[in-house]
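Structure file run_39.csv (CSV, C-alpha atoms) follows.
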chain,number,residue,atom,x,y,z
U,220,MET,CA,-9.6,4.8,-21.5
U,221,ASP,CA,-10.7,3.4,-18.1
U,222,PRO,CA,-8.3,1.1,-16.3
U,223,PRO,CA,-9.8,-2.4,-16.0
U,224,LEU,CA,-10.8,-3.3,-12.5
U,225,LYS,CA,-10.8,-6.7,-11.0
U,226,ARG,CA,-13.0,-7.1,-7.9
U,227,PHE,CA,-12.5,-9.6,-5.2
U,228,SER,CA,-14.7,-10.7,-2.3
U,229,ASP,CA,-13.8,-9.2,1.1
U,230,THR,CA,-12.6,-12.5,2.4
U,231,GLU,CA,-9.2,-14.0,3.2
U,232,GLU,CA,-9.4,-15.9,-0.1
U,233,GLY,CA,-10.2,-12.7,-2.0
U,234,MET,CA,-7.3,-10.9,-0.3
U,235,GLY,CA,-5.0,-13.8,-1.2
U,236,ASP,CA,-6.1,-13.7,-4.8
U,237,ALA,CA,-5.5,-10.0,-5.1
U,238,CYS,CA,-2.1,-10.3,-3.5
U,239,MET,CA,-1.1,-13.2,-5.8
U,240,LEU,CA,-2.0,-11.1,-8.9
U,241,GLY,CA,0.1,-8.3,-7.5
U,242,TYR,CA,3.0,-10.6,-7.0
U,243,ARG,CA,2.7,-12.0,-10.5
U,244,TRP,CA,2.6,-8.4,-11.9
U,245,CYS,CA,5.9,-7.6,-10.1
U,246,LEU,CA,7.5,-10.8,-11.5
U,247,LEU,CA,6.4,-9.9,-15.0
U,248,LEU,CA,7.8,-6.3,-14.8
U,249,GLU,CA,10.9,-7.3,-12.8
U,250,GLY,CA,11.9,-9.4,-15.8
U,251,GLY,CA,11.7,-6.4,-18.2
U,252,GLY,CA,10.2,-3.0,-18.1
U,253,GLY,CA,10.3,-2.7,-14.3
U,254,GLY,CA,13.2,-0.3,-14.3
U,255,ASP,CA,16.7,-0.8,-12.7
U,256,ARG,CA,15.3,-0.3,-9.2
U,257,PRO,CA,11.9,-1.9,-8.9
U,258,CYS,CA,10.0,-1.3,-5.7
U,259,ALA,CA,6.7,-1.7,-3.9
U,260,VAL,CA,4.9,0.7,-1.6
U,261,PHE,CA,2.7,-0.3,1.3
U,262,ASP,CA,0.5,1.6,3.8
U,263,VAL,CA,0.4,0.5,7.4
U,264,ASP,CA,-3.1,0.8,9.0
U,265,SER,CA,-5.8,-1.5,7.5
U,266,THR,CA,-3.2,-2.7,5.0
U,267,LEU,CA,-0.4,-4.5,6.8
U,268,LEU,CA,-2.2,-4.6,10.2
U,269,PHE,CA,-5.2,-3.7,12.3
U,270,GLY,CA,-5.0,-2.6,15.9
U,271,LYS,CA,-3.5,-0.3,18.4
U,272,GLY,CA,-0.5,-2.4,19.5
U,273,GLY,CA,0.6,-5.3,21.7
U,274,LYS,CA,-1.7,-8.2,21.6
U,275,ASP,CA,-4.3,-6.0,19.9
U,276,THR,CA,-2.2,-5.8,16.8
U,277,ILE,CA,-3.5,-8.1,14.1
U,278,PRO,CA,-1.5,-8.7,10.9
U,279,ILE,CA,-3.2,-8.9,7.6
U,280,HIS,CA,-1.5,-12.1,6.7
U,281,GLN,CA,-1.9,-12.1,2.9
U,282,VAL,CA,-0.5,-8.6,2.6
U,283,CYS,CA,2.3,-9.3,5.0
U,284,GLN,CA,3.2,-12.4,3.0
U,285,LEU,CA,3.3,-10.4,-0.2
U,286,TYR,CA,5.5,-7.8,1.5
U,287,VAL,CA,8.0,-10.4,2.7
U,288,THR,CA,8.0,-12.4,-0.5
U,289,LEU,CA,8.8,-9.2,-2.6
U,290,MET,CA,11.7,-8.4,-0.2
U,291,GLN,CA,13.0,-12.0,-0.5
U,292,ARG,CA,13.0,-11.5,-4.3
U,293,GLY,CA,15.1,-8.4,-4.0
U,294,ILE,CA,12.4,-5.9,-4.7
U,295,SER,CA,12.8,-2.9,-2.5
U,296,VAL,CA,9.8,-2.2,-0.3
U,297,PHE,CA,8.8,1.2,1.1
U,298,ILE,CA,6.2,2.1,3.7
U,299,VAL,CA,4.3,5.3,3.4
U,300,THR,CA,1.9,6.1,6.2
U,301,ALA,CA,-0.1,9.1,7.4
U,302,ARG,CA,1.0,8.3,11.0
U,303,ALA,CA,2.9,11.1,12.7
U,304,GLU,CA,6.7,11.2,12.9
U,305,GLU,CA,6.5,11.3,16.7
U,306,GLY,CA,5.2,7.7,16.6
U,307,ARG,CA,8.1,6.3,14.5
U,308,GLN,CA,9.5,4.0,17.2
U,309,TYR,CA,6.1,2.7,18.1
U,310,THR,CA,5.3,2.1,14.5
U,311,ILE,CA,8.6,0.2,14.0
U,312,GLU,CA,7.9,-2.0,17.0
U,313,GLN,CA,4.3,-2.7,15.9
U,314,LEU,CA,5.5,-3.7,12.4
U,315,ARG,CA,8.2,-5.9,14.0
U,316,SER,CA,5.5,-7.6,16.1
U,317,ILE,CA,3.9,-8.9,12.9
U,318,GLY,CA,7.1,-10.0,11.2
U,319,ILE,CA,7.9,-6.8,9.2
U,320,ASP,CA,11.4,-6.0,10.4
U,321,SER,CA,12.8,-3.9,7.6
U,322,CYS,CA,12.0,-1.7,4.6
U,323,GLU,CA,14.0,0.6,2.3
U,324,HIS,CA,12.5,3.6,4.1
U,325,LEU,CA,9.5,4.4,6.3
U,326,TYR,CA,7.9,7.7,5.3
U,327,MET,CA,5.8,9.3,8.0
U,328,HIS,CA,3.9,12.6,8.3
U,329,PRO,CA,5.7,15.3,10.2
U,330,HIS,CA,2.7,15.8,12.5
U,331,ALA,CA,-0.8,14.2,13.1
U,332,CYS,CA,-2.8,14.5,9.9
U,333,THR,CA,-6.0,16.6,10.3
U,334,SER,CA,-7.7,15.7,7.0
U,335,HIS,CA,-7.8,13.1,4.2
U,336,ARG,CA,-6.5,15.8,1.8
U,337,GLU,CA,-3.4,16.4,4.0
U,338,ALA,CA,-2.7,12.7,4.2
U,339,ALA,CA,-3.1,12.3,0.4
U,340,SER,CA,-0.7,15.2,-0.2
U,341,GLN,CA,1.9,13.8,2.1
U,342,LYS,CA,1.7,10.4,0.7
U,343,LYS,CA,2.0,11.7,-2.9
U,344,LYS,CA,5.1,13.6,-2.0
U,345,ALA,CA,6.6,10.5,-0.4
U,346,ARG,CA,6.0,8.5,-3.6
U,347,GLU,CA,7.6,11.3,-5.7
U,348,LYS,CA,10.6,11.2,-3.5
U,349,ILE,CA,10.9,7.4,-4.0
U,350,GLU,CA,10.7,7.9,-7.8
U,351,ALA,CA,13.2,10.8,-7.6
U,352,ARG,CA,15.7,8.3,-6.0
U,353,GLY,CA,15.5,6.3,-9.2
U,354,TYR,CA,13.0,3.7,-8.1
U,355,THR,CA,10.2,2.4,-10.3
U,356,ILE,CA,7.0,1.7,-8.3
U,357,LEU,CA,5.6,-1.7,-9.5
U,358,LEU,CA,3.0,-2.2,-6.8
U,359,ASN,CA,1.1,0.1,-4.5
U,360,ALA,CA,-1.1,-1.4,-1.7
U,361,GLY,CA,-3.4,0.5,0.7
U,362,ASP,CA,-6.9,0.9,2.0
U,363,SER,CA,-7.4,4.7,1.6
U,364,TRP,CA,-7.7,6.7,-1.6
U,365,SER,CA,-4.7,8.7,-0.2
U,366,ASP,CA,-2.7,5.5,-0.9
U,367,HIS,CA,-3.6,5.6,-4.6
U,368,PHE,CA,-2.4,8.8,-6.2
U,369,ARG,CA,-2.2,8.3,-10.0
U,370,LYS,CA,-3.9,10.5,-12.5
U,371,ASP,CA,-6.7,7.9,-13.2
U,372,GLU,CA,-7.6,7.6,-9.6
U,373,MET,CA,-10.9,9.5,-9.9
U,374,GLU,CA,-12.2,7.3,-12.7
U,375,VAL,CA,-11.5,4.2,-10.7
U,376,ARG,CA,-12.9,5.7,-7.5
U,377,ARG,CA,-16.2,6.6,-9.2
U,378,LYS,CA,-16.7,2.9,-10.1
U,379,THR,CA,-15.9,1.3,-6.7
U,380,SER,CA,-16.9,1.0,-3.1
U,381,GLU,CA,-14.7,1.8,-0.1
U,382,GLU,CA,-15.6,-1.7,1.2
U,383,GLN,CA,-14.3,-3.7,-1.8
U,384,ILE,CA,-11.0,-5.4,-2.5
U,385,PHE,CA,-10.0,-4.7,-6.1
U,386,THR,CA,-7.0,-4.3,-8.3
U,387,TYR,CA,-6.1,-2.2,-11.3
U,388,VAL,CA,-3.1,-1.2,-13.3
U,389,ASP,CA,-2.8,2.6,-13.9
U,390,THR,CA,-1.4,4.4,-16.9
U,391,ASP,CA,2.1,4.3,-15.4
U,392,ASN,CA,2.0,0.4,-15.1
U,393,VAL,CA,1.7,0.5,-11.3
U,394,PHE,CA,-0.4,-2.4,-10.0
U,395,HIS,CA,-2.7,-1.1,-7.3
U,396,ILE,CA,-4.3,-3.3,-4.6
U,397,LYS,CA,-7.1,-1.3,-3.0
U,398,LEU,CA,-8.2,-2.8,0.3
U,399,PRO,CA,-11.4,-2.1,2.1
U,400,THR,CA,-11.4,1.0,4.3
U,401,ARG,CA,-12.1,-0.2,7.8
U,402,ARG,CA,-12.0,1.5,11.2
U,403,ARG,CA,-9.2,0.6,13.5
U,404,LEU,CA,-10.1,-1.8,16.2
U,405,ASP,CA,-11.0,-0.3,19.6
Taking this structure as input, can you express it in the form of structure tokens?
Amino acid sequence: MDPPLKRFSDTEEGMGDACMLGYRWCLLLEGGGGGDRPCAVFDVDSTLLFGKGGKDTIPIHQVCQLYVTLMQRGISVFIVTARAEEGRQYTIEQLRSIGIDSCEHLYMHPHACTSHREAASQKKKAREKIEARGYTILLNAGDSWSDHFRKDEMEVRRKTSEEQIFTYVDTDNVFHIKLPTRRRLD
């Protein structure tokens, strides 16, 4: 059975609507069926922010608000990125500049990723580590297919465009927010 997709316009309003649905999903599962240690997972680039740093860093406000709101509700938040470990301090500073000052853990790639496949593998392993620590992932937000790792990914991917905002719930009851894939700002 195909997971149902909900498409949103690639606008601030569409982004806000997708994030609100994700928040409501977390509240629903937090109250029952969300496990003892519910959590959410976010990517960095083109998910929480755009840009290269300093005044060129632009937060994606609706996603940042979802992140902060989930933390305030006591839901653990993890960040999983394909950024290289050598840039950890820079990444932390960039996240702080947009109001993201903490997370349960920041998972980074040991070195610069050379392919989409490598990024996908690293991100999948990070999510498996999160689950091995006893967390139940309720929400997963990201712009790249490497951010969405569940077994029904290919069926969803076949039906969508990289430039859409959409949501779906996978067979493990994880609410996915798939954001448009955009190039970083120069």
- Message: Using all atoms listed in the file and a cutoff of 9 Å, can you tell me which residues are near (-4.2, 3.6, -1.1) in the file's coordinates, and write them out as a ChimeraX atom specification?
- Response: /U:261-262,266,339,359-368,395-398
- Query: Excluding same-chain residues fewer than 5 positions from stretch 316-330 of chain U, what lies within 7 Å of it counting all atoms listed in the file, as a list of chain:residue names?
  - Reply: U:Pro278, U:Ser295, U:Val296, U:Phe297, U:Ile298, U:Val299, U:Thr300, U:Ala301, U:Arg302, U:Ala303, U:Glu304, U:Gln341, U:Ala345
Next, write the just-selected residues to a file, as an mmCIF file, in the frame of the given file, keeping C-alpha atoms as the atom set.
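Contents of the output file result.cif:
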data_model
loop_
_atom_site.group_PDB
_atom_site.id
_atom_site.type_symbol
_atom_site.label_atom_id
_atom_site.label_comp_id
_atom_site.auth_asym_id
_atom_site.auth_seq_id
_atom_site.Cartn_x
_atom_site.Cartn_y
_atom_site.Cartn_z
ATOM 1 C CA PRO U 278 -1.500 -8.700 10.900
ATOM 2 C CA SER U 295 12.800 -2.900 -2.500
ATOM 3 C CA VAL U 296 9.800 -2.200 -0.300
ATOM 4 C CA PHE U 297 8.800 1.200 1.100
ATOM 5 C CA ILE U 298 6.200 2.100 3.700
ATOM 6 C CA VAL U 299 4.300 5.300 3.400
ATOM 7 C CA THR U 300 1.900 6.100 6.200
ATOM 8 C CA ALA U 301 -0.100 9.100 7.400
ATOM 9 C CA ARG U 302 1.000 8.300 11.000
ATOM 10 C CA ALA U 303 2.900 11.100 12.700
ATOM 11 C CA GLU U 304 6.700 11.200 12.900
ATOM 12 C CA GLN U 341 1.900 13.800 2.100
ATOM 13 C CA ALA U 345 6.600 10.500 -0.400
#
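Picture a line from atom CA of U:Thr230 to atom CA of U:Val263; it runs 19.1 Å.
The gap separating atom CA of U:Gln284 from atom CA of U:Asp229 is 17.4 Å, in Å to one decimal.
Between atom CA of U:Leu246 and atom CA of U:Ile349 the separation is 20.0 Å.
Every polymer residue reaching to within 9 Å of (-13.6, -5.4, -11.9), counting all atoms listed in the file, appears in this list: Pro223, Leu224, Lys225, Arg226, Phe227, Thr379, Phe385, Thr386 and Tyr387 of chain U.
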For the interface of stretch 276-357 of chain U with stretch 238-245 of chain U (cut-off 8 Å, counting only C-alpha atoms), please tabulate each contacting residue of stretch 276-357 of chain U alongside its nearest pair of atoms and their separation in Å to one decimal, rows sorted by chain and increasing number, as CSV.
residue,atom,partner,partner_atom,distance
U:Gln281,CA,U:Cys238,CA,6.7
U:Val282,CA,U:Cys238,CA,6.5
U:Leu285,CA,U:Cys238,CA,6.3
U:Leu289,CA,U:Tyr242,CA,7.4
U:Leu357,CA,U:Cys245,CA,5.9
